[in-house]
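**Q** This one is my_file.cif, mmCIF, C-alpha atoms.
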data_target
#
loop_
_atom_site.group_PDB
_atom_site.id
_atom_site.type_symbol
_atom_site.label_atom_id
_atom_site.label_comp_id
_atom_site.auth_asym_id
_atom_site.auth_seq_id
_atom_site.Cartn_x
_atom_site.Cartn_y
_atom_site.Cartn_z
ATOM 1 C CA MET E 21 82.138 121.434 115.269
ATOM 2 C CA ARG E 22 80.346 123.962 113.138
ATOM 3 C CA MET E 23 82.478 126.523 111.432
ATOM 4 C CA SER E 24 81.323 130.067 110.988
ATOM 5 C CA LEU E 25 82.065 132.216 107.982
ATOM 6 C CA ARG E 26 84.743 134.114 109.871
ATOM 7 C CA HIS E 27 86.521 130.871 110.719
ATOM 8 C CA ALA E 28 86.296 129.804 107.120
ATOM 9 C CA ILE E 29 87.906 133.021 105.933
ATOM 10 C CA ARG E 30 90.682 132.650 108.474
ATOM 11 C CA ALA E 31 91.205 129.042 107.405
ATOM 12 C CA LEU E 32 91.442 130.130 103.783
ATOM 13 C CA LYS E 33 94.048 132.746 104.674
ATOM 14 C CA VAL E 34 96.139 130.108 106.451
ATOM 15 C CA ILE E 35 95.889 127.804 103.463
ATOM 16 C CA GLU E 36 96.897 130.640 101.163
ATOM 17 C CA VAL E 37 99.935 131.478 103.297
ATOM 18 C CA LYS E 38 100.955 127.842 103.326
ATOM 19 C CA LEU E 39 100.620 127.663 99.576
ATOM 20 C CA LEU E 40 102.695 130.801 99.132
ATOM 21 C CA THR E 41 105.474 129.725 101.471
ATOM 22 C CA GLY E 42 105.864 126.514 99.508
ATOM 23 C CA SER E 43 107.294 126.482 96.016
ATOM 24 C CA THR E 44 105.960 129.754 94.722
ATOM 25 C CA ALA E 45 107.528 129.386 91.313
ATOM 26 C CA THR E 46 104.754 127.147 90.049
ATOM 27 C CA LEU E 47 101.879 128.764 91.917
ATOM 28 C CA ARG E 48 101.292 131.741 89.619
ATOM 29 C CA PRO E 49 101.465 129.738 86.366
ATOM 30 C CA TYR E 50 99.248 127.064 87.931
ATOM 31 C CA LEU E 51 96.572 129.567 88.934
ATOM 32 C CA ASN E 52 96.790 131.316 85.578
ATOM 33 C CA ALA E 53 96.443 128.044 83.720
ATOM 34 C CA VAL E 54 93.421 127.090 85.828
ATOM 35 C CA ARG E 55 91.885 130.516 85.300
ATOM 36 C CA ALA E 56 92.328 130.361 81.534
ATOM 37 C CA THR E 57 90.922 126.835 81.315
ATOM 38 C CA LEU E 58 87.950 127.786 83.453
ATOM 39 C CA GLN E 59 87.361 130.765 81.218
ATOM 40 C CA ALA E 60 87.197 128.408 78.261
ATOM 41 C CA ALA E 61 85.054 125.794 80.007
ATOM 42 C CA LEU E 62 82.553 128.114 81.732
ATOM 43 C CA CYS E 63 80.821 128.879 78.473
ATOM 44 C CA LEU E 64 77.355 127.611 79.323
ATOM 45 C CA GLU E 65 73.892 128.026 77.937
ATOM 46 C CA ASN E 66 70.449 126.775 78.774
ATOM 47 C CA PHE E 67 69.795 123.357 77.276
ATOM 48 C CA SER E 68 66.705 121.328 78.064
ATOM 49 C CA SER E 69 66.981 117.596 78.337
ATOM 50 C CA GLN E 70 66.760 115.764 75.015
ATOM 51 C CA VAL E 71 65.588 112.591 76.715
ATOM 52 C CA VAL E 72 62.678 113.788 78.818
ATOM 53 C CA GLU E 73 60.553 116.647 77.644
ATOM 54 C CA ARG E 74 60.119 119.688 79.852
ATOM 55 C CA HIS E 75 63.076 118.631 81.980
ATOM 56 C CA ASN E 76 66.289 120.554 82.405
ATOM 57 C CA LYS E 77 69.150 118.463 83.742
ATOM 58 C CA PRO E 78 72.855 119.238 84.216
ATOM 59 C CA GLU E 79 74.378 117.198 81.403
ATOM 60 C CA VAL E 80 77.700 116.699 83.149
ATOM 61 C CA GLU E 81 75.868 114.709 85.838
ATOM 62 C CA VAL E 82 73.404 112.886 83.639
ATOM 63 C CA ARG E 83 75.784 112.211 80.715
ATOM 64 C CA SER E 84 72.922 111.134 78.540
ATOM 65 C CA SER E 85 74.334 112.172 75.131
ATOM 66 C CA LYS E 86 77.924 112.114 74.009
ATOM 67 C CA GLU E 87 77.663 115.158 71.775
ATOM 68 C CA LEU E 88 76.872 117.406 74.734
ATOM 69 C CA LEU E 89 80.010 116.612 76.713
ATOM 70 C CA LEU E 90 83.431 118.214 76.469
ATOM 71 C CA GLN E 91 86.738 116.477 76.989
ATOM 72 C CA PRO E 92 87.701 116.310 80.658
ATOM 73 C CA VAL E 93 90.911 118.183 81.271
ATOM 74 C CA ILE E 94 93.396 118.125 84.164
ATOM 75 C CA ILE E 95 95.777 120.878 85.195
ATOM 76 C CA SER E 96 98.353 119.694 87.694
ATOM 77 C CA ARG E 97 100.986 121.518 89.649
ATOM 78 C CA ASN E 98 102.532 118.323 91.017
ATOM 79 C CA ASP E 99 101.111 114.907 91.648
ATOM 80 C CA LYS E 100 99.325 116.028 94.843
ATOM 81 C CA GLU E 101 97.671 119.192 93.570
ATOM 82 C CA LYS E 102 95.490 119.158 90.533
ATOM 83 C CA VAL E 103 92.236 120.457 89.157
ATOM 84 C CA LEU E 104 89.961 118.326 86.976
ATOM 85 C CA ILE E 105 87.516 120.226 84.802
ATOM 86 C CA GLU E 106 84.698 118.362 83.065
ATOM 87 C CA GLY E 107 82.447 120.505 80.963
ATOM 88 C CA SER E 108 79.255 120.145 79.032
ATOM 89 C CA ILE E 109 76.802 122.392 77.301
ATOM 90 C CA ASN E 110 74.945 123.561 80.387
ATOM 91 C CA SER E 111 77.103 122.564 83.352
ATOM 92 C CA VAL E 112 80.670 122.198 84.517
ATOM 93 C CA ARG E 113 82.188 120.044 87.234
ATOM 94 C CA VAL E 114 85.383 121.332 88.843
ATOM 95 C CA SER E 115 87.212 118.903 91.131
ATOM 96 C CA ILE E 116 90.115 120.323 93.105
ATOM 97 C CA ALA E 117 92.755 118.204 94.836
ATOM 98 C CA VAL E 118 94.410 120.280 97.522
ATOM 99 C CA LYS E 119 97.805 119.437 98.930
ATOM 100 C CA GLN E 120 97.599 118.261 102.521
ATOM 101 C CA ALA E 121 101.113 117.926 103.799
ATOM 102 C CA ASP E 122 100.510 117.737 107.533
ATOM 103 C CA GLU E 123 97.751 117.207 110.031
ATOM 104 C CA ILE E 124 96.768 120.851 110.370
ATOM 105 C CA GLU E 125 96.289 121.176 106.606
ATOM 106 C CA LYS E 126 94.191 118.007 106.542
ATOM 107 C CA ILE E 127 91.965 119.378 109.294
ATOM 108 C CA LEU E 128 91.642 122.748 107.595
ATOM 109 C CA CYS E 129 90.766 121.182 104.271
ATOM 110 C CA HIS E 130 88.211 118.954 105.914
ATOM 111 C CA LYS E 131 86.590 121.929 107.657
ATOM 112 C CA PHE E 132 86.543 123.945 104.482
ATOM 113 C CA MET E 133 84.860 121.059 102.659
ATOM 114 C CA ARG E 134 82.225 120.715 105.347
ATOM 115 C CA PHE E 135 81.580 124.436 105.142
ATOM 116 C CA MET E 136 81.015 124.320 101.394
ATOM 117 C CA MET E 137 78.890 121.167 101.570
ATOM 118 C CA MET E 138 76.572 122.489 104.247
ATOM 119 C CA ARG E 139 75.983 125.723 102.394
ATOM 120 C CA ALA E 140 75.708 124.088 98.992
ATOM 121 C CA GLU E 141 72.280 125.586 98.266
ATOM 122 C CA ASN E 142 73.526 129.104 98.770
ATOM 123 C CA PHE E 143 76.418 128.534 96.408
ATOM 124 C CA PHE E 144 74.246 126.795 93.808
ATOM 125 C CA ILE E 145 76.485 123.759 94.115
ATOM 126 C CA LEU E 146 74.789 120.577 93.075
ATOM 127 C CA ARG E 147 77.114 117.705 93.913
ATOM 128 C CA ARG E 148 78.199 116.896 97.444
ATOM 129 C CA LYS E 149 80.084 113.641 96.963
ATOM 130 C CA PRO E 150 83.583 113.779 95.552
ATOM 131 C CA VAL E 151 84.601 112.298 92.225
ATOM 132 C CA GLU E 152 87.531 109.869 92.625
ATOM 133 C CA VAL E 153 90.511 111.432 94.356
ATOM 134 C CA SER E 154 89.707 115.041 94.911
ATOM 135 C CA HIS E 155 88.834 117.058 97.919
ATOM 136 C CA VAL E 156 86.663 119.911 96.769
ATOM 137 C CA TYR E 157 84.180 119.580 93.969
ATOM 138 C CA LEU E 158 81.842 122.138 92.550
ATOM 139 C CA ASP E 159 79.099 121.620 90.014
ATOM 140 C CA LEU E 160 78.171 124.838 88.302
ATOM 141 C CA THR E 161 75.172 125.192 86.033
ATOM 142 C CA HIS E 162 74.195 127.955 83.661
ATOM 143 C CA ALA E 163 71.669 129.206 86.162
ATOM 144 C CA ALA E 164 74.259 130.032 88.814
ATOM 145 C CA MET Y 27 44.355 85.722 82.093
ATOM 146 C CA SER Y 28 45.912 83.793 79.280
ATOM 147 C CA LYS Y 29 49.275 84.769 77.985
ATOM 148 C CA SER Y 30 49.235 86.245 74.544
ATOM 149 C CA SER Y 31 50.395 83.743 71.975
ATOM 150 C CA MET Y 32 52.574 86.325 70.213
ATOM 151 C CA SER Y 33 56.180 86.728 71.274
ATOM 152 C CA ASP Y 34 56.971 89.520 73.698
ATOM 153 C CA ARG Y 35 60.666 89.767 72.899
ATOM 154 C CA PHE Y 36 60.086 93.214 71.492
ATOM 155 C CA ARG Y 37 60.076 94.437 75.065
ATOM 156 C CA LYS Y 38 63.742 93.572 75.460
ATOM 157 C CA VAL Y 39 64.847 95.640 72.466
ATOM 158 C CA ASP Y 40 66.634 98.879 73.382
ATOM 159 C CA VAL Y 41 64.804 101.341 71.171
ATOM 160 C CA ASP Y 42 67.258 104.184 71.828
ATOM 161 C CA GLU Y 43 70.003 102.344 69.963
ATOM 162 C CA TYR Y 44 68.053 102.541 66.711
ATOM 163 C CA ASP Y 45 67.113 106.204 66.989
ATOM 164 C CA GLU Y 46 68.185 107.944 63.774
ATOM 165 C CA ASN Y 47 69.171 111.122 65.559
ATOM 166 C CA LYS Y 48 71.480 109.368 67.955
ATOM 167 C CA PHE Y 49 74.988 110.765 67.811
ATOM 168 C CA VAL Y 50 77.799 108.374 66.927
ATOM 169 C CA ASP Y 51 81.419 109.384 66.767
ATOM 170 C CA GLU Y 52 82.997 108.953 63.365
ATOM 171 C CA GLU Y 53 85.382 106.040 63.310
ATOM 172 C CA ASP Y 54 88.238 106.910 61.003
ATOM 173 C CA GLY Y 55 90.728 104.243 60.127
ATOM 174 C CA GLY Y 56 93.815 105.413 61.915
ATOM 175 C CA GLU Y 57 95.942 102.343 61.621
ATOM 176 C CA ASN Y 58 98.779 104.103 59.869
ATOM 177 C CA GLN Y 59 99.304 106.849 62.370
ATOM 178 C CA GLY Y 60 102.047 105.588 64.611
ATOM 179 C CA GLY Y 61 102.914 108.829 66.285
ATOM 180 C CA PRO Y 62 106.061 110.893 65.839
ATOM 181 C CA ASP Y 63 109.199 109.162 64.697
ATOM 182 C CA GLU Y 64 111.336 108.421 67.759
ATOM 183 C CA ALA Y 65 114.637 107.993 65.999
ATOM 184 C CA GLU Y 66 114.329 111.314 64.212
ATOM 185 C CA VAL Y 67 113.379 113.197 67.347
ATOM 186 C CA ASP Y 68 116.144 111.608 69.426
ATOM 187 C CA GLY Y 69 118.686 112.485 66.788
ATOM 188 C CA LEU Y 70 117.607 116.106 66.739
ATOM 189 C CA LEU Y 71 117.591 116.261 70.538
ATOM 190 C CA ARG Y 72 121.093 114.909 70.826
ATOM 191 C CA GLN Y 73 122.406 117.652 68.594
ATOM 192 C CA TYR Y 74 121.089 120.316 70.941
ATOM 193 C CA PRO Y 75 124.012 120.542 73.417
ATOM 194 C CA SER Y 76 126.325 121.415 70.565
ATOM 195 C CA GLY Y 77 124.707 124.816 70.509
ATOM 196 C CA ARG Y 78 122.580 125.028 67.332
ATOM 197 C CA ARG Y 79 119.317 126.510 68.516
ATOM 198 C CA GLY Y 80 117.663 125.812 65.223
ATOM 199 C CA ASN Y 81 117.679 122.098 66.008
ATOM 200 C CA MET Y 82 115.463 122.457 69.045
ATOM 201 C CA ASN Y 83 112.728 124.041 66.984
ATOM 202 C CA ALA Y 84 113.205 121.294 64.427
ATOM 203 C CA ALA Y 85 112.892 118.684 67.177
ATOM 204 C CA LEU Y 86 109.655 120.311 68.299
ATOM 205 C CA HIS Y 87 108.282 120.292 64.756
ATOM 206 C CA ALA Y 88 109.321 116.685 64.286
ATOM 207 C CA VAL Y 89 107.653 115.534 67.469
ATOM 208 C CA LEU Y 90 104.429 117.335 66.573
ATOM 209 C CA LYS Y 91 104.286 115.611 63.194
ATOM 210 C CA ASN Y 92 101.990 112.655 62.664
ATOM 211 C CA PRO Y 93 99.982 112.802 65.872
ATOM 212 C CA PRO Y 94 98.204 109.541 66.783
ATOM 213 C CA ILE Y 95 94.773 111.130 66.834
ATOM 214 C CA ASN Y 96 92.721 108.508 65.052
ATOM 215 C CA THR Y 97 94.284 105.295 66.331
ATOM 216 C CA LYS Y 98 92.666 103.348 69.090
ATOM 217 C CA ASN Y 99 96.046 101.975 70.043
ATOM 218 C CA GLN Y 100 96.712 103.286 73.535
ATOM 219 C CA ASN Y 101 100.389 102.352 73.380
ATOM 220 C CA ALA Y 102 100.989 104.590 70.399
ATOM 221 C CA LYS Y 103 99.325 107.468 72.161
ATOM 222 C CA GLU Y 104 101.329 106.974 75.355
ATOM 223 C CA ARG Y 105 104.586 106.681 73.457
ATOM 224 C CA ALA Y 106 103.857 109.869 71.583
ATOM 225 C CA GLU Y 107 102.974 111.676 74.780
ATOM 226 C CA LEU Y 108 106.157 110.621 76.590
ATOM 227 C CA LEU Y 109 108.209 111.708 73.626
ATOM 228 C CA VAL Y 110 106.554 115.109 73.524
ATOM 229 C CA VAL Y 111 107.059 115.678 77.244
ATOM 230 C CA LYS Y 112 110.704 114.717 76.861
ATOM 231 C CA VAL Y 113 111.209 117.242 74.097
ATOM 232 C CA LEU Y 114 109.346 119.970 75.962
ATOM 233 C CA SER Y 115 111.438 119.382 79.099
ATOM 234 C CA SER Y 116 114.710 119.703 77.255
ATOM 235 C CA PHE Y 117 113.999 123.241 76.100
ATOM 236 C CA LYS Y 118 115.598 126.142 77.936
ATOM 237 C CA THR Y 119 113.062 128.544 79.436
ATOM 238 C CA SER Y 120 114.203 131.414 77.269
ATOM 239 C CA ASP Y 121 113.748 129.404 74.075
ATOM 240 C CA ILE Y 122 110.157 128.394 74.699
ATOM 241 C CA GLU Y 123 108.653 131.607 73.380
ATOM 242 C CA LYS Y 124 110.521 131.477 70.076
ATOM 243 C CA ALA Y 125 109.642 127.835 69.623
ATOM 244 C CA VAL Y 126 105.946 128.510 70.094
ATOM 245 C CA GLY Y 127 106.221 131.436 67.723
ATOM 246 C CA SER Y 128 107.561 129.174 65.007
ATOM 247 C CA LEU Y 129 104.465 126.976 65.065
ATOM 248 C CA ASP Y 130 101.425 127.549 62.909
ATOM 249 C CA LYS Y 131 97.884 127.679 64.272
ATOM 250 C CA ALA Y 132 97.265 123.952 63.964
ATOM 251 C CA GLY Y 133 100.608 123.319 65.615
ATOM 252 C CA VAL Y 134 99.712 125.484 68.591
ATOM 253 C CA ASP Y 135 96.401 123.618 69.012
ATOM 254 C CA LEU Y 136 98.215 120.287 68.832
ATOM 255 C CA LEU Y 137 100.777 121.522 71.356
ATOM 256 C CA MET Y 138 97.984 122.490 73.755
ATOM 257 C CA LYS Y 139 96.467 119.025 73.401
ATOM 258 C CA TYR Y 140 99.784 117.422 74.278
ATOM 259 C CA ILE Y 141 100.273 119.809 77.205
ATOM 260 C CA TYR Y 142 96.954 118.844 78.741
ATOM 261 C CA ARG Y 143 97.726 115.177 78.112
ATOM 262 C CA GLY Y 144 101.025 115.679 79.893
ATOM 263 C CA PHE Y 145 99.277 117.201 82.911
ATOM 264 C CA GLU Y 146 97.432 113.946 83.496
ATOM 265 C CA LYS Y 147 100.572 112.113 84.559
ATOM 266 C CA PRO Y 148 102.649 114.531 86.638
ATOM 267 C CA SER Y 149 106.145 113.232 87.294
ATOM 268 C CA ASP Y 150 109.151 114.967 88.857
ATOM 269 C CA ASN Y 151 109.326 118.351 87.315
ATOM 270 C CA SER Y 152 107.140 117.779 84.287
ATOM 271 C CA SER Y 153 104.245 119.872 85.562
ATOM 272 C CA ALA Y 154 106.374 122.939 86.161
ATOM 273 C CA VAL Y 155 107.755 122.758 82.641
ATOM 274 C CA LEU Y 156 104.317 122.131 81.177
ATOM 275 C CA LEU Y 157 102.909 125.108 83.054
ATOM 276 C CA GLN Y 158 105.485 127.355 81.433
ATOM 277 C CA TRP Y 159 104.710 125.956 78.006
ATOM 278 C CA HIS Y 160 101.010 126.408 78.722
ATOM 279 C CA GLU Y 161 101.549 130.071 79.536
ATOM 280 C CA LYS Y 162 103.491 130.728 76.338
ATOM 281 C CA ALA Y 163 101.145 128.715 74.143
ATOM 282 C CA LEU Y 164 98.196 130.560 75.675
ATOM 283 C CA ALA Y 165 99.786 133.889 74.792
ATOM 284 C CA VAL Y 166 99.986 132.812 71.157
ATOM 285 C CA GLY Y 167 96.834 130.739 70.783
ATOM 286 C CA GLY Y 168 94.530 132.562 73.165
ATOM 287 C CA VAL Y 169 91.560 131.057 74.987
ATOM 288 C CA GLY Y 170 90.403 129.692 71.626
ATOM 289 C CA SER Y 171 93.147 127.085 71.604
ATOM 290 C CA ILE Y 172 91.911 125.801 74.974
ATOM 291 C CA VAL Y 173 88.344 125.692 73.683
ATOM 292 C CA ARG Y 174 89.529 123.638 70.715
ATOM 293 C CA VAL Y 175 91.163 121.170 73.097
ATOM 294 C CA LEU Y 176 87.965 120.858 75.133
ATOM 295 C CA THR Y 177 85.679 120.367 72.154
ATOM 296 C CA ALA Y 178 87.845 118.029 70.094
ATOM 297 C CA ARG Y 179 86.134 114.704 69.532
ATOM 298 C CA LYS Y 180 89.412 112.843 69.067
ATOM 299 C CA THR Y 181 92.194 113.397 71.587
ATOM 300 C CA VAL Y 182 95.860 112.997 70.889
#
As structure tokens - that is how I would like this structure written.

**A**
Amino acid sequence: MRMSLRHAIRALKVIEVKLLTGSTATLRPYLNAVRATLQAALCLENFSSQVVERHNKPEVEVRSSKELLLQPVIISRNDKEKVLIEGSINSVRVSIAVKQADEIEKILCHKFMRFMMMRAENFFILRRKPVEVSHVYLDLTHAA
Amino acid sequence: MSKSSMSDRFRKVDVDEYDENKFVDEEDGGENQGGPDEAEVDGLLRQYPSGRRGNMNAALHAVLKNPPINTKNQNAKERAELLVVKVLSSFKTSDIEKAVGSLDKAGVDLLMKYIYRGFEKPSDNSSAVLLQWHEKALAVGGVGSIVRVLTARKTV
């Protein structure tokens, strides 16, 4: 079933309400910690490939040279919800594990993922397959 | 077509390994870094309930001493990390800010490294505590301390 933008926004609002009605004490610090870490990691610049001339590849995907990669970092709120941030000189991969406590949340998360995957070109997202155990994954390059 | 009589084993050599510009991580001998001293930290922790706030800061300083940065021994690193999380969890919320204030710049960076290490294995309430420490350490160290965690070649 295709999901329109309006449905996606409504789904996001439901997810947000569910998040807020849960344990709110850790939500604000969690989001602030993720925001601060993203601010540190999203420091990107153009960097052509050192291996092939005239090519420009996202180093976090290619992983050709160790000196271009940053340490991967996890911020977790509990063992079900976490964000993994892997950075490099010209690209960042953000993998988000969203809590799915019951069926309706699983369905919503699945629909949201499909929405993002199908519109990946418009969001300048490069990777469509998840890394290990995460549900939403965004590759961001300096161009986006 | 006759096969050339010279050896063709040169084709199996990986030329990239011998490139002079290839980046190799420095390997420091870290055999002597065993991580913070458990007995000392436990002793300082046990004195906490008797009310002397100064001991908690001392416990924090003790546990941040001698970080196992250069060793390749995973056990030492895990032991150190568990110890740090234990100390961080036993602080009262109101004391966190003063404790972070008592650290120097290198100490705040090291604390951030341990906090992010602690996030990797969330257990019970550890993440909530670590999030509070993260907030306070961020207030003191700024985004720069996070950048130093991301760009460090050797993790704690």

**Q** To one decimal in Å, tell me the separation between atom CA of E:Glu101 and atom CA of E:Lys119.

**A**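 Taking atom CA of E:Glu101 as the start and atom CA of E:Lys119 as the end point, the length is 5.4 Å.
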
**Q** Taking only C-alpha atoms into account, find every residue of chain Y that has an atom no more than 6 Å from chain E, and write it out as a tab-separated table (two decimals) with C-alpha atoms, in the frame of the given file.

**A**
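Final output, selection17.tsv:
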chain	number	residue	atom	x	y	z
Y	145	PHE	CA	99.28	117.20	82.91
Y	146	GLU	CA	97.43	113.95	83.50
Y	148	PRO	CA	102.65	114.53	86.64
Y	153	SER	CA	104.24	119.87	85.56
Y	154	ALA	CA	106.37	122.94	86.16
Y	157	LEU	CA	102.91	125.11	83.05
Y	173	VAL	CA	88.34	125.69	73.68
Y	176	LEU	CA	87.96	120.86	75.13
Y	177	THR	CA	85.68	120.37	72.15

**Q** I'd like the interatomic distance between atom CA of Y:Asp42 and atom CA of Y:Val175, to a tenth of an Å.

**A**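 According to the coordinates, atom CA of Y:Asp42 and atom CA of Y:Val175 are separated by 29.4 Å.
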
**Q** Give as a list in words the residues that the PyMOL selection byres ((chain Y and resi 103-109) around 7) matches when applied to the coordinates above.

**A**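 Taken on the displayed file, the PyMOL selection byres ((chain Y and resi 103-109) around 7) yields the residues Gly61, Pro62, Pro94, Asn99, Gln100, Asn101, Ala102, Val110, Val111, Lys112, Val113, Tyr140, Gly144 and Val182 of chain Y.
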
**Q** Given the PyMOL selection byres ((chain Y and resi 119) around 12) and the file above, list the residues it selects as an mmCIF file with C-alpha atoms, in the coordinates of the input.

**A**
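In the end it all went to result_22.cif:
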data_model
loop_
_atom_site.group_PDB
_atom_site.id
_atom_site.type_symbol
_atom_site.label_atom_id
_atom_site.label_comp_id
_atom_site.auth_asym_id
_atom_site.auth_seq_id
_atom_site.Cartn_x
_atom_site.Cartn_y
_atom_site.Cartn_z
ATOM 1 C CA LEU Y 114 109.346 119.970 75.962
ATOM 2 C CA SER Y 115 111.438 119.382 79.099
ATOM 3 C CA SER Y 116 114.710 119.703 77.255
ATOM 4 C CA PHE Y 117 113.999 123.241 76.100
ATOM 5 C CA LYS Y 118 115.598 126.142 77.936
ATOM 6 C CA SER Y 120 114.203 131.414 77.269
ATOM 7 C CA ASP Y 121 113.748 129.404 74.075
ATOM 8 C CA ILE Y 122 110.157 128.394 74.699
ATOM 9 C CA GLU Y 123 108.653 131.607 73.380
ATOM 10 C CA LYS Y 124 110.521 131.477 70.076
ATOM 11 C CA ALA Y 125 109.642 127.835 69.623
ATOM 12 C CA VAL Y 126 105.946 128.510 70.094
ATOM 13 C CA ALA Y 154 106.374 122.939 86.161
ATOM 14 C CA VAL Y 155 107.755 122.758 82.641
ATOM 15 C CA LEU Y 156 104.317 122.131 81.177
ATOM 16 C CA LEU Y 157 102.909 125.108 83.054
ATOM 17 C CA GLN Y 158 105.485 127.355 81.433
ATOM 18 C CA TRP Y 159 104.710 125.956 78.006
ATOM 19 C CA GLU Y 161 101.549 130.071 79.536
ATOM 20 C CA LYS Y 162 103.491 130.728 76.338
#

**Q** From the options E:His130, E:Arg74, E:Arg83, E:Arg55, which residue's atoms come nearest to E:Ser111, counting only C-alpha atoms?

**A**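 Distance minimum relative to E:Ser111 lands on E:Arg83.
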
**Q** Please compute the atom CA of Y:Gly168-atom CA of Y:Lys131 distance, one decimal, in Å.

**A**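 Atom CA of Y:Lys131 lies 10.7 Å from atom CA of Y:Gly168.
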
**Q** Which of these residues is nearest to E:Asn76, using all atoms listed in the file: E:Val54, E:Ile109, E:Glu125, E:Thr44?

**A**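 Going through E:Val54, E:Ile109, E:Glu125, E:Thr44 one by one, the smallest distance to E:Asn76 is for E:Ile109.
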
**Q** When the PyMOL selection byres ((chain Y and resi 133) around 12) is applied to the structure above, which residues does it catch, written out as a PyMOL selection string?

**A** chain Y and resi 86-93+125-132+134-140+163+166-167+171

**Q** Would you please work out which residue, of E:Val80, E:Met133, E:Leu62, E:Val72, is nearest to E:Ile116 when using only C-alpha atoms?

**A**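 Closest residue, counting only C-alpha atoms: E:Met133.
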
**Q** Would you fill the gaps in stretch 55-60 of chain E so it has all heavy atoms, then print it as an mmCIF file, keeping the file's coordinate frame?

**A**
data_model
loop_
_atom_site.group_PDB
_atom_site.id
_atom_site.type_symbol
_atom_site.label_atom_id
_atom_site.label_comp_id
_atom_site.auth_asym_id
_atom_site.auth_seq_id
_atom_site.Cartn_x
_atom_site.Cartn_y
_atom_site.Cartn_z
ATOM 1 N N ARG E 55 92.814 129.424 85.633
ATOM 2 C CA ARG E 55 91.885 130.516 85.300
ATOM 3 C C ARG E 55 91.566 130.509 83.805
ATOM 4 O O ARG E 55 90.402 130.639 83.412
ATOM 5 C CB ARG E 55 92.478 131.866 85.689
ATOM 6 C CG ARG E 55 91.556 133.024 85.335
ATOM 7 C CD ARG E 55 92.139 134.363 85.730
ATOM 8 N NE ARG E 55 92.368 134.399 87.155
ATOM 9 C CZ ARG E 55 93.530 134.734 87.706
ATOM 10 N NH1 ARG E 55 94.551 135.049 86.944
ATOM 11 N NH2 ARG E 55 93.678 134.743 89.007
ATOM 12 N N ALA E 56 92.576 130.340 82.983
ATOM 13 C CA ALA E 56 92.328 130.361 81.534
ATOM 14 C C ALA E 56 91.453 129.184 81.116
ATOM 15 O O ALA E 56 90.528 129.330 80.302
ATOM 16 C CB ALA E 56 93.654 130.327 80.781
ATOM 17 N N THR E 57 91.722 128.000 81.697
ATOM 18 C CA THR E 57 90.922 126.835 81.315
ATOM 19 C C THR E 57 89.487 126.986 81.777
ATOM 20 O O THR E 57 88.543 126.608 81.071
ATOM 21 C CB THR E 57 91.530 125.577 81.924
ATOM 22 O OG1 THR E 57 92.932 125.626 81.793
ATOM 23 C CG2 THR E 57 91.014 124.349 81.239
ATOM 24 N N LEU E 58 89.313 127.563 82.980
ATOM 25 C CA LEU E 58 87.950 127.786 83.453
ATOM 26 C C LEU E 58 87.229 128.777 82.562
ATOM 27 O O LEU E 58 86.031 128.631 82.277
ATOM 28 C CB LEU E 58 87.970 128.309 84.889
ATOM 29 C CG LEU E 58 87.997 127.241 85.971
ATOM 30 C CD1 LEU E 58 88.006 127.888 87.324
ATOM 31 C CD2 LEU E 58 86.805 126.334 85.841
ATOM 32 N N GLN E 59 87.977 129.788 82.105
ATOM 33 C CA GLN E 59 87.361 130.765 81.218
ATOM 34 C C GLN E 59 86.850 130.087 79.952
ATOM 35 O O GLN E 59 85.780 130.417 79.437
ATOM 36 C CB GLN E 59 88.405 131.822 80.852
ATOM 37 C CG GLN E 59 87.825 133.146 80.522
ATOM 38 C CD GLN E 59 88.930 134.160 80.294
ATOM 39 O OE1 GLN E 59 90.100 133.880 80.498
ATOM 40 N NE2 GLN E 59 88.552 135.323 79.852
ATOM 41 N N ALA E 60 87.636 129.109 79.464
ATOM 42 C CA ALA E 60 87.197 128.408 78.261
ATOM 43 C C ALA E 60 86.040 127.469 78.561
ATOM 44 O O ALA E 60 85.119 127.324 77.759
ATOM 45 C CB ALA E 60 88.364 127.610 77.679
#
